[in-house]
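Contents: one structure, followed by commentary.
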Amino acid sequence: MTVAERRTQILNEIKNSRGPVPGSRLAEQYAVSRQVIVQDIALIRAAGHAILSTNRGYLLQAPVMAQREFRVNHTDEELEGELLTIVDLGGKVVNVTIQHKVYGRLEAPLGIASRRQVMDFLGEIREGKSRPLKNITGNDHSHLIEADSQETLDLIEQALRAQGILVSGPAAQDDP
C-alpha cells in the first residue's frame, strides 16, 4: 500500500466513523507509528479536510451548512406546522429573532432540528414555562434556518410560502 492510499483509507475511515477514531488504532491497523498517523492527519488537513483532534481520536468536522433568515408571521396554532415543515425538509431552526422598538433586535437560540425537539419545545410552551417571543410583535418574527444546501433552503421557503406564513420586507416592530 502506498502512502497516498493509506491517507485515503484513513480519511475514509474517519468520514465513515460514527465516533472518534483513535490514532493508536490507526497506527496498529496500518502498521506504522503513532507519529506517522499524526503526520498523515496533518497532510490530510493540508489537503482541505477539516479533521478535528480530540482526546478520544479524530473526527471529521461537519461541513459548513447553508443558512438563510426567513421572516414569518403566524399564530400560536400554526407554530407546530411551521417548525415541523422546516425540520421535515431537512432544516434546523437555529434561532428566533424579533425587532423590538425599545430593545432593538432580540434573539433567542433554538437549535431545533428534529420532530422530537419540536415536540419538546412545544411541550414547554404548553406547560406555561414561557410564551413564544413572536407574541411581542404581533406574531412577526424571523428564524435563521440552517440546511445542507441552498436547494433545501429553497424547498423550505416554498413550503412556508405555501402555508401563507412567509413575509417579505423589513421586520415589523412591537406594538406600542
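Simple scheme: letters A, B, ... for chains in C-alpha cells order, numbers from 1 for residues in each chain, numbers from 1 for ligands in the order shown.
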Using the chain letters and numbers from this document, which residues of region 36-84 of chain A does DSSP assign to helix (DSSP H, G or I), as a ChimeraX atom specification?
/A:36-46,76-84
Would you mind listing, for every residue of region 104-138 of chain A within 12 Å of region 73-83 of chain A, the two atoms forming the shortest contact and the distance between them in Å to one decimal, using only C-alpha atoms, sorted by chain and ascending residue number, as CSV?
residue,atom,partner,partner_atom,distance
A:Leu110,CA,A:Leu83,CA,10.9
A:Gly111,CA,A:Leu83,CA,11.3
A:Ile112,CA,A:Leu83,CA,8.1
A:Ala113,CA,A:Leu83,CA,9.0
A:Ser114,CA,A:Leu83,CA,9.1
A:Arg115,CA,A:Leu83,CA,8.3
A:Arg116,CA,A:Leu83,CA,11.0
A:Gln117,CA,A:Leu83,CA,9.6
A:Val118,CA,A:Leu83,CA,6.5
A:Met119,CA,A:Glu80,CA,8.1
A:Asp120,CA,A:Glu80,CA,11.1
A:Phe121,CA,A:Glu80,CA,9.6
A:Leu122,CA,A:Glu80,CA,7.3
A:Gly123,CA,A:Glu80,CA,10.6
A:Ile125,CA,A:Asp76,CA,9.8
A:Arg126,CA,A:Asp76,CA,10.3
A:Arg131,CA,A:Asp76,CA,9.3
A:Pro132,CA,A:Asp76,CA,7.9
A:Leu133,CA,A:Asp76,CA,10.7
A:Lys134,CA,A:Asn73,CA,8.1
A:Asn135,CA,A:Asp76,CA,8.4
A:Ile136,CA,A:Asn73,CA,11.9
A:Thr137,CA,A:Asn73,CA,9.4
A:Gly138,CA,A:Asn73,CA,8.0
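With only C-alpha atoms taken into account, the protein and nucleic acid residues at most 9 Å from region 89-94 of chain A (excluding it and anything under 4 positions from it in its own chain) are A:Leu83, A:Leu84, A:Thr85, A:Ala108, A:Pro109, A:Leu110, A:Gly111, A:Ile112, A:Ala113, A:Ser114, A:His143, A:Leu144, A:Ile145, A:Glu146, A:Ala147, A:Asp148, A:Thr152, A:Leu153, A:Leu155, A:Ile156, A:Ala159.
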Based on DSSP run over this structure's backbone, return all residues of region 61-159 of chain A in strand (DSSP E or B), as a ChimeraX atom specification.
/A:66-73,92-100,104-112,140-147
Judged by only C-alpha atoms, the minimum distance to Ser149 (chain A) among A:Tyr58, A:Ile44, A:Ala66, A:Lys101 is found for A:Ala66
Tell me, counting only C-alpha atoms, for each residue of region 56-94 of chain A within 10 Å of region 5-17 of chain A, which pair of atoms is nearest and how far apart they are in Å to one decimal, in rows ordered by chain and increasing number, as CSV.
residue,atom,partner,partner_atom,distance
A:Gly57,CA,A:Ile14,CA,9.4
A:Tyr58,CA,A:Ile14,CA,6.8
A:Leu59,CA,A:Ile14,CA,6.0
A:Leu60,CA,A:Lys15,CA,5.9
A:Gln61,CA,A:Lys15,CA,9.1
A:Ala62,CA,A:Lys15,CA,9.8
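In this structure, CA of Gln163 (chain A) sits 27.4 Å away from CA of Lys129 (chain A).
Using only C-alpha atoms, the contacts of Ile41 (chain A) at a cut-off of 10 Å, with sequence neighbours closer than 2 positions omitted, comprise Arg7, Ile10, Leu11, Gly23, Gln35, Val36, Ile37, Val38, Gln39, Leu43, Ile44, Arg45, Ala46, Ala47, His49, Ala50, Ile51, Leu52, Ser53 and Tyr58 of chain A.
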Once you have the residues from the selection above, write them out as a compact mmCIF listing (two decimals), in the first residue's frame, restricted to all heavy atoms.
# COMPACT_ATOMS: atom_id res chain seq x y z
N ARG A 7 -3.37 7.25 3.32
CA ARG A 7 -4.04 8.50 3.73
C ARG A 7 -5.49 8.54 3.25
O ARG A 7 -6.38 9.00 3.96
CB ARG A 7 -3.25 9.70 3.21
CG ARG A 7 -1.93 9.86 3.94
CD ARG A 7 -1.14 11.04 3.46
NE ARG A 7 0.15 11.03 4.13
CZ ARG A 7 1.28 11.41 3.59
NH1 ARG A 7 1.30 11.89 2.34
NH2 ARG A 7 2.40 11.37 4.27
N ILE A 10 -7.39 6.27 5.56
CA ILE A 10 -7.56 6.91 6.88
C ILE A 10 -8.69 7.95 6.80
O ILE A 10 -9.57 7.98 7.66
CB ILE A 10 -6.24 7.56 7.34
CG1 ILE A 10 -5.23 6.47 7.73
CG2 ILE A 10 -6.48 8.51 8.51
CD1 ILE A 10 -3.82 6.99 7.98
N LEU A 11 -8.65 8.77 5.77
CA LEU A 11 -9.69 9.77 5.60
C LEU A 11 -11.07 9.12 5.48
O LEU A 11 -12.02 9.54 6.13
CB LEU A 11 -9.41 10.63 4.36
CG LEU A 11 -10.48 11.67 4.01
CD1 LEU A 11 -10.67 12.67 5.15
CD2 LEU A 11 -10.11 12.40 2.72
N GLY A 23 -6.04 7.47 17.16
CA GLY A 23 -4.81 7.41 16.38
C GLY A 23 -4.05 6.12 16.62
O GLY A 23 -3.44 5.57 15.69
N GLN A 35 3.27 8.55 15.37
CA GLN A 35 3.79 9.79 14.78
C GLN A 35 3.52 9.85 13.27
O GLN A 35 3.22 10.90 12.73
CB GLN A 35 5.29 9.94 15.06
CG GLN A 35 5.86 11.27 14.60
CD GLN A 35 5.15 12.48 15.19
OE1 GLN A 35 4.76 12.47 16.36
NE2 GLN A 35 4.94 13.51 14.39
N VAL A 36 3.58 8.72 12.59
CA VAL A 36 3.26 8.69 11.16
C VAL A 36 1.80 9.05 10.95
O VAL A 36 1.46 9.80 10.02
CB VAL A 36 3.60 7.31 10.55
CG1 VAL A 36 3.03 7.15 9.15
CG2 VAL A 36 5.11 7.09 10.54
N ILE A 37 0.92 8.57 11.83
CA ILE A 37 -0.51 8.90 11.73
C ILE A 37 -0.69 10.41 11.93
O ILE A 37 -1.45 11.06 11.19
CB ILE A 37 -1.35 8.09 12.73
CG1 ILE A 37 -1.28 6.59 12.41
CG2 ILE A 37 -2.80 8.59 12.77
CD1 ILE A 37 -1.82 6.21 11.04
N VAL A 38 0.00 10.98 12.91
CA VAL A 38 -0.10 12.42 13.15
C VAL A 38 0.33 13.19 11.90
O VAL A 38 -0.32 14.16 11.50
CB VAL A 38 0.76 12.82 14.38
CG1 VAL A 38 0.86 14.34 14.50
CG2 VAL A 38 0.17 12.23 15.66
N GLN A 39 1.40 12.76 11.26
CA GLN A 39 1.85 13.40 10.02
C GLN A 39 0.84 13.22 8.89
O GLN A 39 0.56 14.15 8.13
CB GLN A 39 3.21 12.83 9.60
CG GLN A 39 4.33 13.22 10.53
CD GLN A 39 5.62 12.46 10.25
OE1 GLN A 39 5.65 11.52 9.46
NE2 GLN A 39 6.70 12.87 10.92
N LEU A 43 -1.21 16.21 6.84
CA LEU A 43 -1.24 16.34 5.38
C LEU A 43 -2.66 16.22 4.83
O LEU A 43 -3.00 16.88 3.84
CB LEU A 43 -0.30 15.32 4.75
CG LEU A 43 1.19 15.62 5.01
CD1 LEU A 43 2.06 14.46 4.58
CD2 LEU A 43 1.60 16.90 4.32
N ILE A 44 -3.48 15.41 5.45
CA ILE A 44 -4.89 15.32 5.04
C ILE A 44 -5.58 16.66 5.30
O ILE A 44 -6.34 17.15 4.46
CB ILE A 44 -5.61 14.16 5.79
CG1 ILE A 44 -5.06 12.81 5.32
CG2 ILE A 44 -7.12 14.24 5.58
CD1 ILE A 44 -5.48 11.62 6.17
N ARG A 45 -5.28 17.28 6.45
CA ARG A 45 -5.82 18.62 6.74
C ARG A 45 -5.34 19.63 5.71
O ARG A 45 -6.10 20.47 5.25
CB ARG A 45 -5.39 19.07 8.13
CG ARG A 45 -6.13 18.43 9.26
CD ARG A 45 -5.65 19.01 10.58
NE ARG A 45 -6.31 18.40 11.71
CZ ARG A 45 -5.69 17.97 12.80
NH1 ARG A 45 -4.38 18.10 12.92
NH2 ARG A 45 -6.37 17.43 13.77
N ALA A 46 -4.06 19.56 5.38
CA ALA A 46 -3.48 20.49 4.41
C ALA A 46 -4.14 20.37 3.05
O ALA A 46 -4.18 21.33 2.28
CB ALA A 46 -1.98 20.27 4.29
N ALA A 47 -4.70 19.20 2.77
CA ALA A 47 -5.40 18.98 1.51
C ALA A 47 -6.83 19.53 1.55
O ALA A 47 -7.58 19.40 0.58
CB ALA A 47 -5.42 17.49 1.17
N HIS A 49 -9.26 18.97 4.23
CA HIS A 49 -10.25 18.21 5.00
C HIS A 49 -10.21 18.67 6.46
O HIS A 49 -9.15 18.71 7.07
CB HIS A 49 -9.99 16.71 4.90
CG HIS A 49 -10.05 16.22 3.50
ND1 HIS A 49 -11.23 15.98 2.84
CD2 HIS A 49 -9.06 15.95 2.60
CE1 HIS A 49 -10.99 15.58 1.61
NE2 HIS A 49 -9.67 15.56 1.43
N ALA A 50 -11.37 19.00 6.99
CA ALA A 50 -11.47 19.54 8.35
C ALA A 50 -11.53 18.41 9.37
O ALA A 50 -12.61 17.97 9.78
CB ALA A 50 -12.69 20.44 8.47
N ILE A 51 -10.38 17.93 9.77
CA ILE A 51 -10.31 16.85 10.76
C ILE A 51 -9.98 17.47 12.12
O ILE A 51 -9.04 18.25 12.24
CB ILE A 51 -9.26 15.81 10.37
CG1 ILE A 51 -9.70 15.13 9.07
CG2 ILE A 51 -9.08 14.78 11.48
CD1 ILE A 51 -8.79 14.04 8.59
N LEU A 52 -10.79 17.11 13.10
CA LEU A 52 -10.59 17.58 14.47
C LEU A 52 -9.86 16.51 15.27
O LEU A 52 -10.16 15.33 15.14
CB LEU A 52 -11.93 17.86 15.15
CG LEU A 52 -12.81 18.91 14.51
CD1 LEU A 52 -14.15 18.98 15.24
CD2 LEU A 52 -12.14 20.26 14.55
N SER A 53 -8.94 16.95 16.11
CA SER A 53 -8.26 16.05 17.03
C SER A 53 -8.92 16.20 18.39
O SER A 53 -9.00 17.30 18.91
CB SER A 53 -6.78 16.41 17.15
OG SER A 53 -6.14 16.28 15.92
N TYR A 58 -9.81 11.06 16.20
CA TYR A 58 -10.02 12.02 15.12
C TYR A 58 -11.46 11.99 14.63
O TYR A 58 -12.08 10.92 14.53
CB TYR A 58 -9.09 11.71 13.94
CG TYR A 58 -7.63 11.83 14.29
CD1 TYR A 58 -6.84 10.69 14.45
CD2 TYR A 58 -7.04 13.07 14.47
CE1 TYR A 58 -5.50 10.79 14.77
CE2 TYR A 58 -5.70 13.18 14.80
CZ TYR A 58 -4.94 12.05 14.94
OH TYR A 58 -3.61 12.16 15.27
Spatial neighbours of region 96-98 of chain A, 6 Å, only C-alpha atoms, chain gap at least 2 places, as a PDB file with N, CA, C and O atoms, in the first residue's frame:
ATOM      1  N   ARG A 105     -33.045  44.534  18.261  1.00  0.00           N
ATOM      2  CA  ARG A 105     -33.132  43.136  17.821  1.00  0.00           C
ATOM      3  C   ARG A 105     -32.938  42.216  19.023  1.00  0.00           C
ATOM      4  O   ARG A 105     -31.910  42.268  19.692  1.00  0.00           O
ATOM      5  N   LEU A 106     -33.919  41.371  19.278  1.00  0.00           N
ATOM      6  CA  LEU A 106     -33.835  40.366  20.336  1.00  0.00           C
ATOM      7  C   LEU A 106     -33.750  38.998  19.683  1.00  0.00           C
ATOM      8  O   LEU A 106     -34.515  38.690  18.764  1.00  0.00           O
ATOM      9  N   GLU A 107     -32.838  38.200  20.163  1.00  0.00           N
ATOM     10  CA  GLU A 107     -32.599  36.882  19.573  1.00  0.00           C
ATOM     11  C   GLU A 107     -32.534  35.830  20.665  1.00  0.00           C
ATOM     12  O   GLU A 107     -31.950  36.055  21.724  1.00  0.00           O
ATOM     13  N   ALA A 108     -33.129  34.681  20.381  1.00  0.00           N
ATOM     14  CA  ALA A 108     -33.049  33.552  21.300  1.00  0.00           C
ATOM     15  C   ALA A 108     -32.634  32.311  20.515  1.00  0.00           C
ATOM     16  O   ALA A 108     -33.198  32.028  19.453  1.00  0.00           O
ATOM     17  N   HIS A 141     -41.818  37.620  13.245  1.00  0.00           N
ATOM     18  CA  HIS A 141     -40.507  37.205  13.735  1.00  0.00           C
ATOM     19  C   HIS A 141     -39.709  36.591  12.595  1.00  0.00           C
ATOM     20  O   HIS A 141     -40.227  36.388  11.503  1.00  0.00           O
ATOM     21  N   SER A 142     -38.454  36.313  12.878  1.00  0.00           N
ATOM     22  CA  SER A 142     -37.586  35.679  11.886  1.00  0.00           C
ATOM     23  C   SER A 142     -36.895  34.483  12.502  1.00  0.00           C
ATOM     24  O   SER A 142     -36.690  34.423  13.717  1.00  0.00           O
ATOM     25  N   HIS A 143     -36.545  33.543  11.629  1.00  0.00           N
ATOM     26  CA  HIS A 143     -35.753  32.380  12.041  1.00  0.00           C
ATOM     27  C   HIS A 143     -34.539  32.281  11.140  1.00  0.00           C
ATOM     28  O   HIS A 143     -34.655  32.423   9.921  1.00  0.00           O
TER      29      HIS A 143
END
